[in-house]
Amino acid sequence: MNQYKSLIKNSVLFAIGSIGSKAIQFFMLPLYTRMLTTSDYGQLDVLQTTISLLIPLITFQAVEAVFRYSVDMRENKSASSVLMNGILLCLFGMLISLLLFPVFTRIEPFSSYLLFFYLILFFSMMNGILRQFVRGLGTIKAFVASDLAYAASFVTFNIIFLVYLKMGLKGYFLSMLLAHLINTFILLVFGNVFKYLNFKSFDKSFMKTMLIYSIPLIPNGLMWWVMSVSDRYILTYYMGFDATGIYSVSYKFPSLITLVNGIFFMAWQLSAMQEYGKEGYEDFYKNIFGVLSSLLFLVTGLILLILKPLMSVFVADAFYESWKYVPMLLLGTVFQAFSSFFGTNYTASKKTKGAFTTTVVGAAVNVGLDFLLIPFWGIQAAAFSTLLGYVATCLMRVFDSKKFVDTKIDWKSIGSSVLIIVLQIVGLYFIENAVIFFTVETLLIVLLLILQRKYIKQVFNFGRKLIVELRTKES
């Protein structure tokens with residue numbers, strides 16, 4: 001019971017922060033698609049995509065090691081070594097990134113926004129280290145406060161620089177930079193990070209231990225990047241920034257799935273590390289996956305139901321066609337979430353090599369199909385290849401993770417749920433009459449609810465027991 005309560009408590013706390021910070025890119029779409037052109041949005045996406053690629057490479061996946069070892073070293077003086085080693089890896093990574101300066105000065109859109117690019121790269125790395133250190137130590141409230149502060153300041157600065165000052169992309173980047181500075185301040189002060197800042201704590205032998213853990217995660221992170229965002233480069237090459245901008249907007253709607261999973265996943269990682277190897281872990285693992293899969297399928301079904309009217313409200317006319325590429329990306333994001341769930345066993349066991357071998361297959365499928373299909377099928381090919389890449393990775397991890405946890409997957413439930421979602425997607429593309437469409441889609445969602453009733457009942461029963469327990473304590 002305690003393991004479930006801890007997971008729920010942390011999920012609620014992470015939800016408070018994530019609803020602000022993670023959902024911001026979605027709920028700000030009406031502003032961005034009206035203040036930025038499709039080309040602007042494509043350039044923005046390429047710059048952010050490049051930063052997401054560089055950080056794990058030039059820092060040797062330092063954030064993963066900082067989080068994992070700070071969990072082990074709570075209430076331990078060695079925690080200072082974890083932080084300082086992580087910061088030094090970031091500084092070293094920044095020096096490596098400067099080697100690319102001559103290249104970036106010759107390539108658009110980097111040459112136009114080079115100063116912003118490097119400043120955001122640096123603060124993204126440092127914030128990543130501080131956030132994962134605070135999270136690993138269990139200072140969840142400070143972690144959440146930093147997320148909320150980032151979200152509030154980013155929105156405020158966006159309104160000032162984009163709406164009132166009409167600064168375009170430069171206003172967006174300035175907003176992000178200032179929000180990062182505020183985020184760093186919150187983490188340092190409220191996360192009580194200052195007491196761990198001691199350069200004498202640098203430990204060369206411990207640095208080696210951290211690198212042995214994190215370096216195998218570099219190719220894994222690279223492969224995730226390939227599946228998540230490499231499509232944008234290939235689209236830009238074949239079709240230009242406009243197509244990339246439209247595809248990027250379509251990716252914002254699956255971010256609702258990412259938001260739901262991300263809230264859960266941050267809490268699940270902590271629970272998996274704390275419970276791994278203990279009695280009852282396999283049942284805990286199986287039950288949580290059942291609930292997670294039910295939740296993600298239901299959220300996907302609801303998004304598909306309201307997708308078209310939602311798009312007409314949230315995006316400008318120039319971006320409306322992006323709805324066509326959302327369905328495959330939604331389903332792909334569900335399988336990405338499943339892959340991440342099974343991947344926690346690599347982190348919990350500290351055996352990270354398998355994380356790469358399972359991801360490389362999906363990345364190869366994704367990129368191969370991108371080059372093969374995008375010239376003929378356009379943007380839809382990018383969405384389709386992403387879906388198949390995530391499915392391949394998920395299946396690989398399901399079977400590979402059995403060496404850590406022998407979990408029985410309810411394949412009947414998973415397969416039936418996927419079939420219902422596919423039928424919804426078919427209806428979205430081919431049923432033009434609005435009344436018939438909403439009738440059919442609603443019936444499919446009801447069918448999905450019936451199919452998932454076992455896990456919905458589990459959540460209901462647990463919630464009831466938890467409420468009774470809390471009332472008993474109060475009395």
# chains A, B, ... in the order shown; residues from 1 in each chain; ligands from 1

call {"tool": "residues_around", "arguments": {"residues": "Gly389 of chain A", "least_positions_apart": "6", "cutoff": "7 Å", "atoms": "only C-alpha atoms", "output": "PyMOL selection string"}}
result
chain A and resi 227+362-363+365-366

call {"tool": "residues_around", "arguments": {"residues": "Gln452 of chain A", "least_positions_apart": "6", "cutoff": "10 Å", "atoms": "only C-alpha atoms", "output": "list of chain:residue names"}}
result
A:Gly290, A:Val291, A:Ser293, A:Ser294, A:Leu295, A:Phe297, A:Leu298, A:Ser413, A:Ile414, A:Ser416, A:Ser417, A:Val446

call {"tool": "write_last_selection", "arguments": {"atoms": "all heavy atoms", "output": "compact mmCIF listing (two decimals), in the first residue's frame"}}
result
# COMPACT_ATOMS: atom_id res chain seq x y z
N GLY A 290 -0.75 -1.63 -16.22
CA GLY A 290 -2.13 -1.78 -16.64
C GLY A 290 -2.90 -0.47 -16.52
O GLY A 290 -3.64 -0.08 -17.43
N VAL A 291 -2.72 0.21 -15.40
CA VAL A 291 -3.40 1.49 -15.17
C VAL A 291 -2.89 2.55 -16.16
O VAL A 291 -3.67 3.31 -16.73
CB VAL A 291 -3.21 1.96 -13.72
CG1 VAL A 291 -3.74 3.39 -13.53
CG2 VAL A 291 -3.91 1.01 -12.75
N SER A 293 -1.49 2.14 -19.18
CA SER A 293 -1.95 1.88 -20.54
C SER A 293 -3.41 2.27 -20.72
O SER A 293 -3.78 2.85 -21.74
CB SER A 293 -1.73 0.40 -20.90
OG SER A 293 -2.46 -0.45 -20.04
N SER A 294 -4.24 1.97 -19.72
CA SER A 294 -5.65 2.35 -19.79
C SER A 294 -5.81 3.86 -19.89
O SER A 294 -6.58 4.38 -20.72
CB SER A 294 -6.41 1.85 -18.56
OG SER A 294 -6.42 0.44 -18.51
N LEU A 295 -5.08 4.57 -19.05
CA LEU A 295 -5.17 6.03 -19.03
C LEU A 295 -4.75 6.63 -20.36
O LEU A 295 -5.44 7.51 -20.90
CB LEU A 295 -4.29 6.58 -17.89
CG LEU A 295 -4.21 8.10 -17.77
CD1 LEU A 295 -5.59 8.68 -17.48
CD2 LEU A 295 -3.22 8.50 -16.67
N PHE A 297 -4.61 5.24 -23.38
CA PHE A 297 -5.55 4.92 -24.47
C PHE A 297 -6.80 5.78 -24.38
O PHE A 297 -7.33 6.25 -25.39
CB PHE A 297 -5.92 3.44 -24.44
CG PHE A 297 -4.86 2.53 -25.00
CD1 PHE A 297 -4.40 1.44 -24.29
CD2 PHE A 297 -4.31 2.77 -26.26
CE1 PHE A 297 -3.43 0.59 -24.80
CE2 PHE A 297 -3.33 1.94 -26.79
CZ PHE A 297 -2.89 0.85 -26.05
N LEU A 298 -7.29 6.00 -23.17
CA LEU A 298 -8.50 6.81 -23.00
C LEU A 298 -8.25 8.27 -23.37
O LEU A 298 -9.07 8.91 -24.03
CB LEU A 298 -8.99 6.71 -21.55
CG LEU A 298 -9.64 5.37 -21.17
CD1 LEU A 298 -9.87 5.30 -19.67
CD2 LEU A 298 -10.95 5.16 -21.92
N SER A 413 -5.92 -7.02 -23.98
CA SER A 413 -6.39 -5.67 -23.69
C SER A 413 -5.65 -4.64 -24.54
O SER A 413 -6.28 -3.73 -25.11
CB SER A 413 -6.19 -5.35 -22.21
OG SER A 413 -6.54 -4.01 -21.93
N ILE A 414 -4.33 -4.78 -24.64
CA ILE A 414 -3.53 -3.84 -25.43
C ILE A 414 -3.93 -3.89 -26.90
O ILE A 414 -4.17 -2.86 -27.55
CB ILE A 414 -2.02 -4.15 -25.29
CG1 ILE A 414 -1.54 -3.97 -23.85
CG2 ILE A 414 -1.20 -3.26 -26.24
CD1 ILE A 414 -1.59 -2.56 -23.34
N SER A 416 -6.72 -5.00 -28.32
CA SER A 416 -8.08 -4.52 -28.55
C SER A 416 -8.16 -3.00 -28.47
O SER A 416 -8.87 -2.35 -29.25
CB SER A 416 -9.04 -5.13 -27.51
OG SER A 416 -9.04 -6.55 -27.59
N SER A 417 -7.41 -2.42 -27.53
CA SER A 417 -7.40 -0.96 -27.38
C SER A 417 -6.78 -0.29 -28.60
O SER A 417 -7.30 0.73 -29.08
CB SER A 417 -6.61 -0.57 -26.12
OG SER A 417 -7.22 -1.09 -24.96
N VAL A 446 -16.80 4.60 -25.57
CA VAL A 446 -17.55 3.81 -24.58
C VAL A 446 -17.05 2.37 -24.59
O VAL A 446 -16.86 1.75 -23.53
CB VAL A 446 -19.06 3.86 -24.88
CG1 VAL A 446 -19.82 2.85 -24.01
CG2 VAL A 446 -19.60 5.26 -24.66

call {"tool": "residues_around", "arguments": {"residues": "Phe241 of chain A", "least_positions_apart": "6", "cutoff": "9 Å", "atoms": "only C-alpha atoms", "output": "PyMOL selection string"}}
result
chain A and resi 38-43+46+232+235

call {"tool": "write_last_selection", "arguments": {"atoms": "N, CA and C atoms", "output": "compact mmCIF listing (two decimals), in the first residue's frame"}}
result
# COMPACT_ATOMS: atom_id res chain seq x y z
N THR A 38 4.72 30.10 -40.62
CA THR A 38 5.09 28.68 -40.69
C THR A 38 6.60 28.52 -40.81
N SER A 39 7.24 29.44 -41.55
CA SER A 39 8.70 29.39 -41.69
C SER A 39 9.38 29.70 -40.36
N ASP A 40 8.88 30.72 -39.64
CA ASP A 40 9.43 31.04 -38.32
C ASP A 40 9.35 29.83 -37.39
N TYR A 41 8.19 29.19 -37.42
CA TYR A 41 7.99 28.04 -36.53
C TYR A 41 8.91 26.89 -36.92
N GLY A 42 9.14 26.73 -38.21
CA GLY A 42 10.07 25.70 -38.66
C GLY A 42 11.49 25.98 -38.20
N GLN A 43 11.94 27.25 -38.28
CA GLN A 43 13.28 27.62 -37.82
C GLN A 43 13.41 27.43 -36.30
N VAL A 46 13.84 23.74 -35.57
CA VAL A 46 15.17 23.23 -35.90
C VAL A 46 16.19 23.64 -34.83
N ARG A 232 12.31 16.30 -38.55
CA ARG A 232 12.24 17.72 -38.91
C ARG A 232 13.37 18.10 -39.87
N LEU A 235 12.50 16.55 -43.27
CA LEU A 235 11.42 17.34 -43.87
C LEU A 235 11.95 18.67 -44.41

call {"tool": "residues_around", "arguments": {"residues": "segment 59-74 of chain A", "least_positions_apart": "6", "cutoff": "8 Å", "atoms": "only C-alpha atoms", "output": "list in words"}}
result
Val82, Leu83, Gly86, Leu89, Cys90, Phe92, Gly93, Gly128, Ile129, Gln132, Phe133, Arg135, Gly136, Leu137, Gly138, Met210, Leu211, Tyr213, Ser214, Ile215, Leu217, Ile218, Gly221, Leu270 and Thr347 of chain A

call {"tool": "residues_around", "arguments": {"residues": "Trp323 of chain A", "least_positions_apart": "6", "cutoff": "10 Å", "atoms": "only C-alpha atoms", "output": "PyMOL selection string"}}
result
chain A and resi 246-247+249-251+253+304+307-312+428

call {"tool": "select_by_dssp", "arguments": {"residues": "segment 114-297 of chain A", "states": "alpha helix (DSSP H)", "output": "PyMOL selection string"}}
result
chain A and resi 114-136+140-158+168-190+204-214+217-239+241-252+255-275+281-297

call {"tool": "closest_residue", "arguments": {"among": "A:Val326, A:Leu259, A:Val361, A:Ala355", "to": "Leu296 of chain A", "atoms": "only C-alpha atoms"}}
result
A:Leu259

call {"tool": "closest_residue", "arguments": {"among": "A:Cys394, A:Leu369, A:Leu188, A:Met35", "to": "Leu162 of chain A", "atoms": "only C-alpha atoms"}}
result
A:Met35
